[in-house]
>>> print(open('query.txt').read())   # compact mmCIF, C-alpha atoms
# COMPACT_ATOMS: atom_id res chain seq x y z
CA LEU A 1 62.25 -97.32 52.55
CA ASN A 2 63.23 -96.06 55.98
CA LYS A 3 66.78 -95.40 54.78
CA ALA A 4 65.45 -93.45 51.81
CA LEU A 5 63.17 -91.37 54.04
CA GLU A 6 65.98 -90.60 56.47
CA HIS A 7 68.22 -89.59 53.57
CA LEU A 8 65.54 -87.24 52.19
CA LYS A 9 65.10 -85.70 55.66
CA LYS A 10 68.84 -85.09 56.01
CA GLU A 11 68.88 -83.47 52.58
CA GLY A 12 66.04 -81.17 53.67
CA ILE A 13 63.74 -82.39 50.91
CA ILE A 14 61.05 -83.75 53.23
CA GLY A 15 60.03 -83.35 56.87
CA SER A 16 58.11 -85.50 59.36
CA LYS A 17 55.68 -84.84 62.21
CA ASN A 18 53.43 -87.11 64.26
CA GLY A 19 54.25 -90.04 61.99
CA PHE A 20 53.44 -88.14 58.77
CA TYR A 21 55.88 -87.22 56.02
CA PHE A 22 55.57 -84.13 53.82
CA LEU A 23 57.56 -81.99 51.44
CA ALA A 24 59.78 -79.48 53.23
CA GLY A 25 57.90 -76.46 54.54
CA ARG A 26 54.46 -78.10 54.31
CA ASP A 27 54.13 -79.30 57.91
CA PHE A 28 50.77 -77.46 58.15
CA LEU A 29 49.28 -80.32 56.15
CA VAL A 30 49.60 -82.65 59.15
CA ASP A 31 47.16 -80.68 61.30
CA LYS A 32 44.85 -80.26 58.31
CA LYS A 33 44.90 -84.01 57.68
CA LEU A 34 44.15 -84.85 61.31
CA LYS A 35 41.20 -82.44 61.40
CA SER A 36 39.84 -83.91 58.16
CA TYR A 37 40.24 -87.43 59.48
CA CYS A 38 38.16 -86.55 62.54
CA LEU A 39 35.37 -85.10 60.40
CA SER A 40 34.89 -88.17 58.22
CA PRO A 41 33.24 -90.51 60.78
CA GLY A 42 30.42 -88.02 61.35
CA LYS A 43 29.83 -87.66 57.62
CA PHE A 44 29.90 -91.45 57.28
CA LYS A 45 27.13 -91.79 59.87
CA LYS A 46 24.95 -89.22 58.14
CA ALA A 47 25.50 -90.86 54.76
CA ILE A 48 24.67 -94.32 56.11
CA ARG A 49 21.34 -93.04 57.47
CA VAL A 50 20.44 -91.86 53.95
CA ILE A 51 21.73 -95.04 52.27
CA LYS A 52 19.39 -97.10 54.45
CA PHE A 53 16.53 -95.44 52.57
CA LEU A 54 18.20 -95.40 49.15
CA LYS A 55 18.73 -99.17 49.25
CA ILE A 56 14.95 -99.66 49.33
CA LEU A 57 14.45 -97.83 46.04
CA PRO A 58 13.77 -99.92 42.92
CA TRP A 59 16.66 -101.47 40.98
CA ILE A 60 19.45 -100.29 43.26
CA ARG A 61 21.96 -103.13 43.66
CA GLY A 62 25.00 -101.51 45.22
CA ILE A 63 26.01 -98.22 46.88
CA ALA A 64 29.58 -97.17 47.66
CA ILE A 65 31.05 -94.05 49.25
CA TYR A 66 34.08 -92.51 47.56
CA GLY A 67 35.91 -89.20 47.35
CA SER A 68 37.08 -87.09 50.29
CA VAL A 69 34.97 -88.92 52.88
CA SER A 70 36.25 -92.40 52.00
CA LEU A 71 39.79 -91.01 52.02
CA GLY A 72 39.33 -89.47 55.47
CA ASN A 73 40.13 -86.13 53.87
CA ALA A 74 36.85 -84.20 54.19
CA ASN A 75 36.41 -80.60 55.24
CA PRO A 76 33.38 -79.13 57.08
CA GLY A 77 31.71 -78.10 53.81
CA SER A 78 32.26 -81.41 52.01
CA ASP A 79 29.39 -83.39 50.58
CA VAL A 80 29.36 -87.19 50.34
CA ASP A 81 29.96 -88.77 46.93
CA LEU A 82 28.08 -91.98 46.18
CA PHE A 83 28.68 -94.56 43.48
CA ILE A 84 25.50 -96.40 42.44
CA ILE A 85 25.13 -99.77 40.73
CA ALA A 86 21.70 -100.17 39.15
CA GLU A 87 20.00 -103.30 37.86
CA ARG A 88 20.95 -104.39 34.36
CA GLY A 89 18.78 -102.49 31.89
CA ARG A 90 17.46 -100.16 34.60
CA ILE A 91 20.12 -97.48 35.04
CA TRP A 92 17.69 -94.68 34.06
CA SER A 93 15.01 -96.03 36.37
CA GLY A 94 17.39 -96.33 39.31
CA ARG A 95 18.77 -92.86 38.66
CA PHE A 96 15.25 -91.42 38.53
CA PHE A 97 14.22 -92.80 41.94
CA ILE A 98 17.53 -91.93 43.62
CA ASN A 99 17.52 -88.31 42.45
CA SER A 100 13.78 -87.90 43.12
CA PHE A 101 14.22 -89.07 46.71
CA LEU A 102 17.20 -86.77 47.34
CA LYS A 103 15.47 -83.83 45.65
CA PHE A 104 12.29 -84.27 47.69
CA PHE A 105 14.17 -84.32 51.00
CA ASN A 106 16.56 -81.51 49.99
CA LEU A 107 19.61 -83.76 50.28
CA ARG A 108 21.34 -82.85 47.02
CA PRO A 109 24.23 -80.35 46.96
CA ASP A 110 23.90 -77.01 45.21
CA LYS A 111 26.05 -73.94 44.70
CA LYS A 112 24.91 -72.41 47.99
CA ASN A 113 25.26 -75.44 50.23
CA SER A 114 27.01 -78.78 49.87
CA ARG A 115 27.77 -79.53 53.52
CA ASP A 116 26.83 -83.15 54.33
CA LYS A 117 24.68 -83.31 51.19
CA ILE A 118 24.56 -86.46 49.07
CA CYS A 119 26.09 -86.23 45.60
CA VAL A 120 25.10 -89.20 43.41
CA SER A 121 27.05 -88.35 40.31
CA TYR A 122 28.34 -91.80 39.36
CA PHE A 123 25.96 -94.51 38.09
CA VAL A 124 26.65 -97.79 36.28
CA ALA A 125 24.49 -100.65 35.06
CA GLY A 126 24.98 -104.00 36.79
CA ASP A 127 26.35 -105.65 33.67
CA LYS A 128 28.85 -102.83 33.00
CA LEU A 129 31.01 -102.98 36.11
CA ASN A 130 34.37 -102.61 34.37
CA LEU A 131 34.99 -98.86 34.57
CA SER A 132 38.04 -98.88 32.31
CA ALA A 133 35.67 -97.86 29.49
CA THR A 134 35.07 -94.53 31.25
CA ILE A 135 38.75 -93.72 31.74
CA SER A 136 40.82 -91.81 29.20
CA PRO A 137 44.36 -90.36 29.32
CA ASP A 138 42.83 -87.04 30.38
CA ASN A 139 41.15 -88.36 33.51
CA GLU A 140 42.85 -91.68 34.32
CA ASN A 141 44.60 -90.43 37.46
CA PHE A 142 41.47 -88.80 38.91
CA TYR A 143 38.93 -91.54 38.10
CA GLY A 144 41.43 -94.35 38.56
CA TYR A 145 42.32 -93.14 42.04
CA SER A 146 38.66 -92.44 42.89
CA THR A 147 37.65 -95.97 41.86
CA ALA A 148 40.37 -97.43 44.07
CA GLN A 149 38.80 -95.70 47.09
CA PHE A 150 35.24 -97.11 46.72
CA ILE A 151 33.82 -98.36 50.02
CA PHE A 152 30.69 -100.46 49.50
CA ILE A 153 28.16 -99.73 52.23
CA TYR A 154 25.33 -101.67 50.61
CA GLU A 155 25.51 -104.51 48.11
CA GLU A 156 23.20 -107.25 46.90
CA ASP A 157 24.52 -110.67 45.93
CA ASP A 158 28.08 -109.62 46.84
CA ILE A 159 28.14 -107.21 43.90
CA GLY A 160 30.95 -105.21 45.53
CA HIS A 161 33.26 -108.22 45.23
CA GLU A 162 32.05 -108.69 41.65
CA PHE A 163 32.81 -105.04 40.95
CA PHE A 164 36.42 -105.23 42.10
CA ALA A 165 36.88 -108.52 40.23
CA ALA A 166 35.75 -106.73 37.06
CA ASN A 167 38.25 -103.92 37.68
CA ARG A 168 41.48 -105.86 37.99
CA TRP A 169 43.21 -103.06 36.11
CA LEU A 170 43.30 -101.23 39.46
CA LYS A 171 45.95 -103.66 40.66
CA GLU A 172 48.03 -102.94 37.57
CA LYS A 173 47.76 -99.19 38.03
CA PHE A 174 48.23 -99.30 41.82
CA PRO A 175 50.31 -102.42 42.65
CA SER A 176 49.90 -102.04 46.41
CA TRP A 177 46.14 -101.47 46.22
CA PHE A 178 43.50 -103.70 47.81
CA PRO A 179 39.77 -103.14 48.53
CA TYR A 180 39.11 -101.22 51.73
CA PRO A 181 38.19 -103.64 54.56
CA ILE A 182 35.05 -101.93 55.83
CA ASN A 183 34.08 -102.09 59.50
CA SER A 184 31.01 -104.30 59.97
CA GLY A 185 29.30 -101.45 61.84
CA ARG A 186 29.23 -99.44 58.60
CA LYS A 187 27.83 -102.26 56.50
CA ILE A 188 24.10 -102.19 55.74
CA LYS A 189 22.18 -105.46 55.62
CA SER A 190 21.89 -106.58 52.03
CA SER A 191 18.47 -108.29 52.09
CA ARG A 192 16.15 -106.84 49.46
CA GLY A 193 13.01 -106.80 51.59
CA VAL A 194 9.31 -106.90 50.75
CA ILE A 195 8.96 -103.13 50.23
CA LYS A 196 11.61 -103.05 47.52
CA THR A 197 10.14 -106.06 45.76
CA ILE A 198 6.69 -104.45 45.71
CA LEU A 199 8.08 -101.10 44.49
CA GLU A 200 9.89 -102.82 41.63
CA LYS A 201 6.76 -104.66 40.55
CA ILE A 202 4.68 -101.47 40.61
CA ALA A 203 7.27 -99.27 38.89
CA GLY A 204 8.18 -102.09 36.52
CA VAL A 205 5.05 -101.47 34.45
CA ILE A 206 6.79 -98.32 33.16
CA PRO A 207 9.33 -99.24 30.45
CA GLU A 208 12.92 -98.08 30.90
CA LYS A 209 12.72 -95.96 27.76
CA TYR A 210 10.18 -93.62 29.40
CA PHE A 211 12.45 -92.99 32.39
CA GLU A 212 15.20 -92.25 29.90
CA LYS A 213 13.13 -89.87 27.76
CA PHE A 214 11.94 -87.89 30.78
CA GLN A 215 15.43 -87.41 32.18
CA MET A 216 16.91 -86.55 28.81
CA PHE A 217 14.20 -83.91 28.47
CA ILE A 218 15.08 -82.18 31.75
CA LEU A 219 18.88 -82.59 31.63
CA PRO A 220 21.08 -79.62 30.64
CA GLU A 221 22.35 -79.75 27.06
CA GLY A 222 25.92 -80.39 28.16
CA LEU A 223 24.95 -83.58 29.95
CA LYS A 224 22.72 -84.87 27.18
CA ALA A 225 25.83 -85.26 25.03
CA MET A 226 27.12 -87.87 27.47
CA LYS A 227 24.49 -90.35 26.37
CA ASP A 228 26.26 -91.00 23.07
CA LYS A 229 29.53 -91.69 24.87
CA ASN A 230 28.47 -93.69 27.93
CA VAL A 231 25.00 -95.18 27.70
CA ASP A 232 25.58 -97.44 30.69
CA TYR A 233 27.68 -95.00 32.74
CA TRP A 234 26.93 -91.60 34.20
CA ILE A 235 29.71 -89.45 35.63
CA MET A 236 28.76 -85.90 36.55
CA GLY A 237 30.24 -83.07 38.54
CA GLU A 238 28.76 -81.57 41.67
CA GLY A 239 25.57 -79.62 41.03
CA GLU A 240 25.13 -81.03 37.50
CA GLN A 241 22.54 -83.65 38.42
>>> encode(input="query.txt", output="structure tokens")
Amino acid sequence: LNKALEHLKKEGIIGSKNGFYFLAGRDFLVDKKLKSYCLSPGKFKKAIRVIKFLKILPWIRGIAIYGSVSLGNANPGSDVDLFIIAERGRIWSGRFFINSFLKFFNLRPDKKNSRDKICVSYFVAGDKLNLSATISPDNENFYGYSTAQFIFIYEEDDIGHEFFAANRWLKEKFPSWFPYPINSGRKIKSSRGVIKTILEKIAGVIPEKYFEKFQMFILPEGLKAMKDKNVDYWIMGEGEQ
């Protein structure tokens, strides 16, 4: 590999700076990358503070950070993308409580401001962890690469490990890939707690179908069409929640 890199440098195809390699004439990307890398820890801390509350909400089993923040490639205006695993049969319920909490505390991104906001645009049910069903030839590079960058901050019953075991196709697509070894300081204690248990019992008297009907009623028409395609998955763009 080193020989190949040196050959490409001699040919003027690539350049190097501060240990980074780049296509010729794009050395400005090094400074941009370093600045982005320095921004990510701060965004991680802010996201973790919010996740400590989100984990208490009913039927939330796992929360991972992905996107620009997990890649260490954020800019000052970046929001934080979260991947949510809800209890089996309770994806609509979990989605309702997550979005209600973020809406109430003005933590969701919008067209005017997305800086450090929390974007929860990716939900799955706990028994539908294999995301290959959501990937098509049109989006396989984007969603495949995004999935490979998931960093589980909160997980119950080691569901993060279960998730990656269910997505072995990642290893086929990215042979050198392995789950990100998260620093213990960023990991949130996985105990469910009394408050969450009580909330689930109280909210559990409302059938899942009512949470679904309410959200389908308020969703934009374009997103309602997703229900027929992915009943147990929700993938939405920024500001579409």
>>> residues_around(input="query.txt", residues="segment 162-179 of chain A", least_positions_apart="4", cutoff="10 Å", atoms="only C-alpha atoms", output="PyMOL selection string")
chain A and resi 62+85+126-132+140-141+144-145+147-152+157-158
>>> atom_distance(input="query.txt", atom1="atom CA of Phe123 of chain A", atom2="atom CA of Ser184 of chain A")
24.5 Å
>>> closest_residue(input="query.txt", among="A:Val205, A:Leu39, A:Val30, A:Ala125", to="Trp92 of chain A", atoms="only C-alpha atoms")
A:Ala125
>>> atom_distance(input="query.txt", atom1="atom CA of Arg115 of chain A", atom2="atom CA of Lys43 of chain A")
9.3 Å
>>> atom_distance(input="query.txt", atom1="atom CA of Gly72 of chain A", atom2="atom CA of Ile14 of chain A")
22.6 Å
>>> decode(input="query.txt", residues="segment 2-13 of chain A", atoms="all heavy atoms", output="short mmCIF file (atom, residue, chain, number, x, y, z; two decimals), in the first residue's frame")
data_model
loop_
_atom_site.label_atom_id
_atom_site.label_comp_id
_atom_site.auth_asym_id
_atom_site.auth_seq_id
_atom_site.Cartn_x
_atom_site.Cartn_y
_atom_site.Cartn_z
N ASN A 2 1.92 1.23 0.82
CA ASN A 2 2.81 2.38 0.86
C ASN A 2 3.49 2.62 -0.49
O ASN A 2 3.66 3.77 -0.92
CB ASN A 2 3.89 2.18 1.94
CG ASN A 2 3.34 2.39 3.34
OD1 ASN A 2 2.42 3.17 3.52
ND2 ASN A 2 3.90 1.68 4.31
N LYS A 3 3.88 1.54 -1.15
CA LYS A 3 4.50 1.66 -2.47
C LYS A 3 3.53 2.28 -3.46
O LYS A 3 3.90 3.13 -4.28
CB LYS A 3 4.98 0.30 -2.96
CG LYS A 3 6.20 -0.25 -2.23
CD LYS A 3 6.61 -1.60 -2.81
CE LYS A 3 7.85 -2.14 -2.09
NZ LYS A 3 8.25 -3.47 -2.62
N ALA A 4 2.29 1.84 -3.39
CA ALA A 4 1.26 2.36 -4.30
C ALA A 4 1.03 3.85 -4.05
O ALA A 4 0.92 4.64 -4.99
CB ALA A 4 -0.04 1.58 -4.13
N LEU A 5 0.98 4.25 -2.78
CA LEU A 5 0.77 5.65 -2.43
C LEU A 5 1.94 6.52 -2.91
O LEU A 5 1.74 7.61 -3.45
CB LEU A 5 0.59 5.80 -0.92
CG LEU A 5 -0.72 5.26 -0.33
CD1 LEU A 5 -0.67 5.27 1.19
CD2 LEU A 5 -1.91 6.07 -0.83
N GLU A 6 3.15 6.01 -2.70
CA GLU A 6 4.32 6.77 -3.14
C GLU A 6 4.34 6.92 -4.66
O GLU A 6 4.72 7.97 -5.19
CB GLU A 6 5.59 6.08 -2.65
CG GLU A 6 5.85 6.22 -1.16
CD GLU A 6 5.91 7.67 -0.73
OE1 GLU A 6 6.60 8.47 -1.41
OE2 GLU A 6 5.26 8.03 0.27
N HIS A 7 3.94 5.86 -5.35
CA HIS A 7 3.88 5.91 -6.82
C HIS A 7 2.87 6.96 -7.28
O HIS A 7 3.15 7.76 -8.18
CB HIS A 7 3.50 4.53 -7.37
CG HIS A 7 3.26 4.54 -8.85
ND1 HIS A 7 4.29 4.64 -9.79
CD2 HIS A 7 2.11 4.48 -9.57
CE1 HIS A 7 3.78 4.64 -11.01
NE2 HIS A 7 2.46 4.54 -10.90
N LEU A 8 1.68 6.99 -6.63
CA LEU A 8 0.65 7.95 -7.00
C LEU A 8 1.10 9.38 -6.71
O LEU A 8 0.76 10.31 -7.45
CB LEU A 8 -0.65 7.64 -6.24
CG LEU A 8 -1.36 6.35 -6.64
CD1 LEU A 8 -2.51 6.04 -5.68
CD2 LEU A 8 -1.90 6.46 -8.07
N LYS A 9 1.87 9.56 -5.64
CA LYS A 9 2.40 10.89 -5.32
C LYS A 9 3.40 11.34 -6.38
O LYS A 9 3.37 12.50 -6.83
CB LYS A 9 3.05 10.88 -3.94
CG LYS A 9 2.06 10.86 -2.78
CD LYS A 9 2.76 10.75 -1.44
CE LYS A 9 3.59 11.97 -1.14
NZ LYS A 9 4.22 11.88 0.21
N LYS A 10 4.28 10.44 -6.80
CA LYS A 10 5.27 10.78 -7.81
C LYS A 10 4.62 11.11 -9.14
O LYS A 10 5.10 11.97 -9.90
CB LYS A 10 6.25 9.61 -7.99
CG LYS A 10 7.19 9.43 -6.82
CD LYS A 10 8.13 8.25 -7.06
CE LYS A 10 9.08 8.07 -5.87
NZ LYS A 10 9.99 6.91 -6.08
N GLU A 11 3.49 10.44 -9.42
CA GLU A 11 2.77 10.69 -10.66
C GLU A 11 1.93 11.97 -10.59
O GLU A 11 1.35 12.40 -11.58
CB GLU A 11 1.86 9.50 -10.99
CG GLU A 11 2.60 8.22 -11.34
CD GLU A 11 3.35 8.34 -12.65
OE1 GLU A 11 2.81 8.94 -13.59
OE2 GLU A 11 4.50 7.84 -12.72
N GLY A 12 1.85 12.56 -9.38
CA GLY A 12 1.08 13.79 -9.22
C GLY A 12 -0.42 13.57 -9.16
O GLY A 12 -1.20 14.52 -9.31
N ILE A 13 -0.83 12.33 -8.90
CA ILE A 13 -2.26 12.01 -8.84
C ILE A 13 -2.84 12.34 -7.46
O ILE A 13 -3.98 12.79 -7.34
CB ILE A 13 -2.49 10.53 -9.19
CG1 ILE A 13 -2.03 10.26 -10.63
CG2 ILE A 13 -3.96 10.14 -9.02
CD1 ILE A 13 -2.06 8.80 -11.01
#
